[in-house]
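*Asks:* Take a look at the following structure, please.
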Amino acid sequence: MSAQLSINTKKITLYNGNKIPAVGLGTWQATEDDVAYKSVRTALKNGYRHIDTAAIYKNEEQVGKAIAEAGIPRNELFVTTKLWNADHKKVEAALDESLKKLQLDYVDLYLIHWPVSINPETNKPYTDHDFVDTWKALQKLYKKGEKVKAIGVSNFTIKKLEKLLNADGVDVVPLVNQVETHPLLTQPELYDYLKSKNIVLEAYSPLGSTDSPLFKNEVVVDIAKKNKVEPAQVLVSWAIQRDTVVLPKSVTESRIISNIKTFTLSKEDFEALNNLSDKFGVVRTCNPPFNNFD
Ligand SMILES: NC(=O)c1ccc[n+]([C@@H]2O[C@H](COP(=O)([O-])OP(=O)(O)OC[C@H]3O[C@@H](n4cnc5c(N)ncnc54)[C@H](OP(=O)(O)O)[C@@H]3O)[C@@H](O)[C@H]2O)c1
């Protein structure tokens with residue numbers, strides 16, 4: 001039987017009351033020429049209202065151009081960008097640069113991209129500055145309420161979140177933690193921890209990233225066939241059913257259009273995906289060397 005697919009318009013409420021569209025377009029590796037511009041343009045024409053970019057993706061100008069041309073009221077859009085590791089000592093200047101490229105007065109969400117503060121001169125971690133200091137700079141901007149409407153982190157483990165939350169001078173809990181998660185990396189402890197702290201989990205690489213093993217996984221493929229949907233729609237729908245934000249990336253028009261169409265998985269299929277790594281092992285695709293500095 002065909003599943004009932006529809007454009008997903010679900011919004012998740014952050015603990016400050018702001019609402020974040022549950023499906024957002026990922027834009028990592030959409031850098032060359034006008035690839036990100038075209039992707040964002042296609043996405044906005046086809047129901048997306050949430051775009052995820054980052055200074056290091058080198059496509060904020062393209063994203064900004066597509067947003068400006070779309071003519072969608074600003075308050076209907078949710079735009080996230082991220083502070084790069086080498087900019088931890090100049091948060092406001094880096095944000096201003098991103099805003100300029102995005103042609104925006106504010107971003108809806110500003111994230112510390114990685115819990116690693118790197119000295120750009122030595123390419124090594126600073127000895128006198130870490131992500132707690134960086135977070136305090138984000139807190140200041142958030143409290144002013146002008147250039148950032150929400151702040152959060154990315155790639156933070158429970159241990160790092162605990163360090164952050166227990167640090168002197170930290171009085172804003174991150175609204176979001178953006179981490180890799182998909183059926184081969186369900187992160188159950190982190191998932192429960194974030195729920196307990198009211199921190200929204202954003203699922204990055206939700207399709208398993210480039211050359212994903214998930215598209216060939218027999219369980220995913222069977223669920224897709226049974227419901228007459230694409231494997232990617234199974235994966236996005238699973239993330240939605242788990243109550244996370246989900247950021248599928250594509251630069252292919254037909255995929256951008258289909259990835260935002262979701263359906264409700266049966267209880268059995270949802271459970272089969274929850275337990276996929278028991279059978280096929282845990283797979284993490286994103287683990288850059290700088291993340292292991294400490
Ligand atoms: N915070 C962080 O550190 C971090 C790290 C990684 C990612 N992210 C964010 O999360 C987003 C998503 O993660 P990701 O880019 O790693 O990977 P992803 O969204 O899991 O997968 C993207 C890959 O899947 C392909 N794809 C997309 N839709 C498809 C479909 N319907 N059928 C078959 N293949 C499909 C894409 O190909 P085409 O593009 O060629 O169509 C691309 O190769 C990123 O773009 C970024 O915004 C954040």
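Each chain in the structure tokens gets a letter, A, B, ..., in the order shown, and its residues are numbered from 1; ligands are numbered from 1 in order too.
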If we count only C-alpha atoms and set the cut-off at 8 Å, which residues sit around A:Ala66, ignoring sequence neighbours fewer than 3 positions away in its own chain? Please answer as a list in words.
*Replies:*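 Counting only C-alpha atoms, the residues come to Tyr37, Lys38, Val40, Arg41, Gln62, Val63, Glu69 and Ala70 of chain A.
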*Asks:* To test your reading of the structure, identify every residue in stretch 76-219 of chain A that backbone DSSP assigns to alpha helix (DSSP H), and report it as number ranges by chain.
*Replies:* A: 91-102, 131-144, 158-165, 188-196, 218-219
*Asks:* Select the residues contacting ligand 1 at a distance of at most 7 Å, based on only C-alpha atoms and all ligand atoms, then format the selection as a PyMOL selection string.
*Replies:* chain A and resi 25-29+52-53+113-114+154-155+178-180+204-212+215+230-233+247-252+255-256+258-259+286
*Asks:* Would you output that residue set with N, CA, C and O atoms, as a short mmCIF file (atom, residue, chain, number, x, y, z; two decimals), in the first residue's frame?
*Replies:*
data_model
loop_
_atom_site.label_atom_id
_atom_site.label_comp_id
_atom_site.auth_asym_id
_atom_site.auth_seq_id
_atom_site.Cartn_x
_atom_site.Cartn_y
_atom_site.Cartn_z
N LEU A 25 16.74 22.44 5.11
CA LEU A 25 17.64 22.02 4.03
C LEU A 25 19.09 22.12 4.49
O LEU A 25 19.54 23.19 4.92
N GLY A 26 19.83 21.03 4.38
CA GLY A 26 21.27 21.04 4.66
C GLY A 26 22.01 21.60 3.45
O GLY A 26 21.56 21.41 2.30
N THR A 27 23.14 22.27 3.69
CA THR A 27 23.87 22.88 2.56
C THR A 27 25.38 22.60 2.59
O THR A 27 26.12 23.22 1.84
N TRP A 28 25.80 21.68 3.45
CA TRP A 28 27.23 21.35 3.48
C TRP A 28 27.63 20.72 2.14
O TRP A 28 26.89 19.91 1.59
N GLN A 29 28.78 21.08 1.65
CA GLN A 29 29.33 20.58 0.39
C GLN A 29 28.55 21.07 -0.83
O GLN A 29 28.71 20.56 -1.92
N ASP A 52 19.89 25.46 6.71
CA ASP A 52 21.03 25.28 7.61
C ASP A 52 22.33 25.51 6.83
O ASP A 52 22.64 24.77 5.91
N THR A 53 23.05 26.57 7.23
CA THR A 53 24.34 26.80 6.60
C THR A 53 25.40 27.00 7.69
O THR A 53 25.13 26.77 8.87
N HIS A 113 29.99 25.65 16.03
CA HIS A 113 30.01 24.53 15.09
C HIS A 113 30.62 23.26 15.70
O HIS A 113 30.11 22.16 15.53
N TRP A 114 31.75 23.45 16.41
CA TRP A 114 32.43 22.32 17.08
C TRP A 114 32.93 22.82 18.43
O TRP A 114 33.30 23.99 18.55
N SER A 154 26.83 22.51 18.58
CA SER A 154 26.84 21.41 17.62
C SER A 154 28.00 20.49 17.97
O SER A 154 29.06 20.97 18.40
N ASN A 155 27.79 19.22 17.79
CA ASN A 155 28.83 18.22 18.06
C ASN A 155 29.25 18.19 19.53
O ASN A 155 30.41 17.90 19.85
N GLN A 178 23.14 20.32 17.60
CA GLN A 178 23.08 19.71 16.26
C GLN A 178 24.16 18.64 16.17
O GLN A 178 25.35 18.94 16.26
N VAL A 179 23.74 17.39 16.02
CA VAL A 179 24.70 16.28 15.98
C VAL A 179 24.33 15.28 14.90
O VAL A 179 23.19 15.29 14.40
N GLU A 180 25.29 14.41 14.57
CA GLU A 180 24.99 13.37 13.59
C GLU A 180 24.05 12.35 14.21
O GLU A 180 24.35 11.78 15.26
N TYR A 204 21.88 15.95 12.07
CA TYR A 204 22.63 16.20 10.82
C TYR A 204 23.08 14.88 10.20
O TYR A 204 23.04 13.83 10.85
N SER A 205 23.44 14.95 8.91
CA SER A 205 23.69 13.73 8.11
C SER A 205 22.57 12.71 8.32
O SER A 205 22.84 11.51 8.53
N PRO A 206 21.31 13.12 8.25
CA PRO A 206 20.20 12.22 8.58
C PRO A 206 20.03 11.10 7.55
O PRO A 206 19.38 10.10 7.84
N LEU A 207 20.64 11.31 6.37
CA LEU A 207 20.54 10.27 5.34
C LEU A 207 21.80 9.40 5.35
O LEU A 207 21.93 8.48 4.54
N GLY A 208 22.73 9.73 6.25
CA GLY A 208 24.00 8.97 6.30
C GLY A 208 25.10 9.63 5.49
O GLY A 208 26.13 9.02 5.24
N SER A 209 24.87 10.86 5.03
CA SER A 209 25.84 11.68 4.30
C SER A 209 26.24 11.07 2.94
O SER A 209 25.59 10.15 2.44
N THR A 210 27.35 11.57 2.40
CA THR A 210 27.78 11.16 1.05
C THR A 210 28.02 9.64 1.00
O THR A 210 28.61 9.09 1.92
N ASP A 211 27.58 9.01 -0.07
CA ASP A 211 27.73 7.54 -0.25
C ASP A 211 27.19 6.75 0.94
O ASP A 211 27.82 5.81 1.43
N SER A 212 26.03 7.14 1.38
CA SER A 212 25.46 6.54 2.59
C SER A 212 25.16 5.05 2.44
O SER A 212 24.56 4.63 1.45
N PHE A 215 21.07 3.96 2.16
CA PHE A 215 20.23 3.83 0.96
C PHE A 215 20.21 2.39 0.44
O PHE A 215 19.34 2.00 -0.31
N GLU A 230 10.54 6.75 -1.24
CA GLU A 230 12.00 6.72 -1.40
C GLU A 230 12.65 6.35 -0.06
O GLU A 230 12.15 6.77 1.00
N PRO A 231 13.80 5.64 -0.09
CA PRO A 231 14.52 5.39 1.17
C PRO A 231 14.78 6.68 1.96
O PRO A 231 14.66 6.70 3.19
N ALA A 232 15.10 7.77 1.25
CA ALA A 232 15.37 9.04 1.97
C ALA A 232 14.12 9.50 2.73
O ALA A 232 14.23 10.06 3.83
N GLN A 233 12.95 9.25 2.15
CA GLN A 233 11.72 9.66 2.84
C GLN A 233 11.48 8.82 4.10
O GLN A 233 10.92 9.31 5.08
N LEU A 247 17.84 17.58 8.94
CA LEU A 247 18.45 18.48 7.97
C LEU A 247 18.97 17.75 6.73
O LEU A 247 20.18 17.70 6.48
N PRO A 248 18.08 17.15 5.93
CA PRO A 248 18.57 16.45 4.73
C PRO A 248 19.17 17.45 3.74
O PRO A 248 18.61 18.52 3.53
N LYS A 249 20.33 17.07 3.19
CA LYS A 249 20.97 17.92 2.18
C LYS A 249 20.81 17.28 0.81
O LYS A 249 21.02 16.07 0.64
N SER A 250 20.48 18.09 -0.16
CA SER A 250 20.58 17.64 -1.54
C SER A 250 20.78 18.85 -2.43
O SER A 250 20.31 19.95 -2.12
N VAL A 251 21.50 18.62 -3.53
CA VAL A 251 21.61 19.67 -4.54
C VAL A 251 20.85 19.24 -5.80
O VAL A 251 20.97 19.86 -6.84
N THR A 252 20.09 18.16 -5.69
CA THR A 252 19.36 17.61 -6.83
C THR A 252 17.89 17.99 -6.70
O THR A 252 17.25 17.66 -5.69
N ARG A 255 15.26 15.45 -5.61
CA ARG A 255 15.46 14.97 -4.23
C ARG A 255 15.07 16.05 -3.21
O ARG A 255 14.50 15.74 -2.16
N ILE A 256 15.43 17.29 -3.52
CA ILE A 256 15.05 18.38 -2.59
C ILE A 256 13.52 18.37 -2.44
O ILE A 256 12.99 18.45 -1.33
N SER A 258 11.40 15.85 -2.97
CA SER A 258 10.83 14.65 -2.32
C SER A 258 11.24 14.53 -0.85
O SER A 258 10.49 13.99 -0.04
N ASN A 259 12.42 15.05 -0.48
CA ASN A 259 12.90 14.84 0.89
C ASN A 259 12.04 15.50 1.96
O ASN A 259 12.06 15.08 3.11
N CYS A 286 30.91 11.47 10.36
CA CYS A 286 31.56 12.78 10.52
C CYS A 286 32.38 12.79 11.81
O CYS A 286 31.81 12.91 12.90
#
*Asks:* What's the separation between atom CA of A:Thr244 and atom CA of A:Ile257, in Å to one decimal place?
*Replies:*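 For atom CA of A:Thr244 relative to atom CA of A:Ile257, the distance reads 20.1 Å.
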*Asks:* Can you list, as a list in words, every protein, DNA or RNA residue that comes within 7 Å of A:Lys147 when you count only C-alpha atoms, leaving out same-chain residues fewer than 3 positions away?
*Replies:* Asp105, Tyr106, Val107 and Leu141 of chain A
*Asks:* Atom CA of A:Lys101 and atom CA of A:Ala36, how far apart in Å?
*Replies:*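 According to the coordinates, atom CA of A:Ala36 and atom CA of A:Lys101 are separated by 13.3 Å.
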*Asks:* Contacts of A:Ser6 at 7 Å or less, counting only C-alpha atoms, minus same-chain residues fewer than 4 places along, as an MDAnalysis selection string?
*Replies:* chainID A and resid 261:263
*Asks:* Do you know which residues are at most 8 Å from A:Glu61 counting only C-alpha atoms, after dropping those on the same chain fewer than 4 positions away, and could you put them as an MDAnalysis selection string?
*Replies:* chainID A and resid 65 101:103
*Asks:* Would you put the residues from that selection into a file with N, CA and C atoms, as a PDB file, in the first residue's frame?
*Replies:*
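Saved to selection.pdb:
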ATOM      1  N   LYS A  65      21.474  35.175  -1.271  1.00  0.00           N
ATOM      2  CA  LYS A  65      20.904  35.632  -2.547  1.00  0.00           C
ATOM      3  C   LYS A  65      19.576  34.921  -2.823  1.00  0.00           C
ATOM      4  N   LYS A 101      26.949  38.455   4.524  1.00  0.00           N
ATOM      5  CA  LYS A 101      26.874  37.533   3.380  1.00  0.00           C
ATOM      6  C   LYS A 101      25.450  37.029   3.164  1.00  0.00           C
ATOM      7  N   LEU A 102      24.758  36.780   4.264  1.00  0.00           N
ATOM      8  CA  LEU A 102      23.384  36.262   4.168  1.00  0.00           C
ATOM      9  C   LEU A 102      22.375  37.360   3.835  1.00  0.00           C
ATOM     10  N   GLN A 103      22.825  38.612   3.835  1.00  0.00           N
ATOM     11  CA  GLN A 103      21.941  39.780   3.623  1.00  0.00           C
ATOM     12  C   GLN A 103      20.813  39.810   4.657  1.00  0.00           C
TER      13      GLN A 103
END
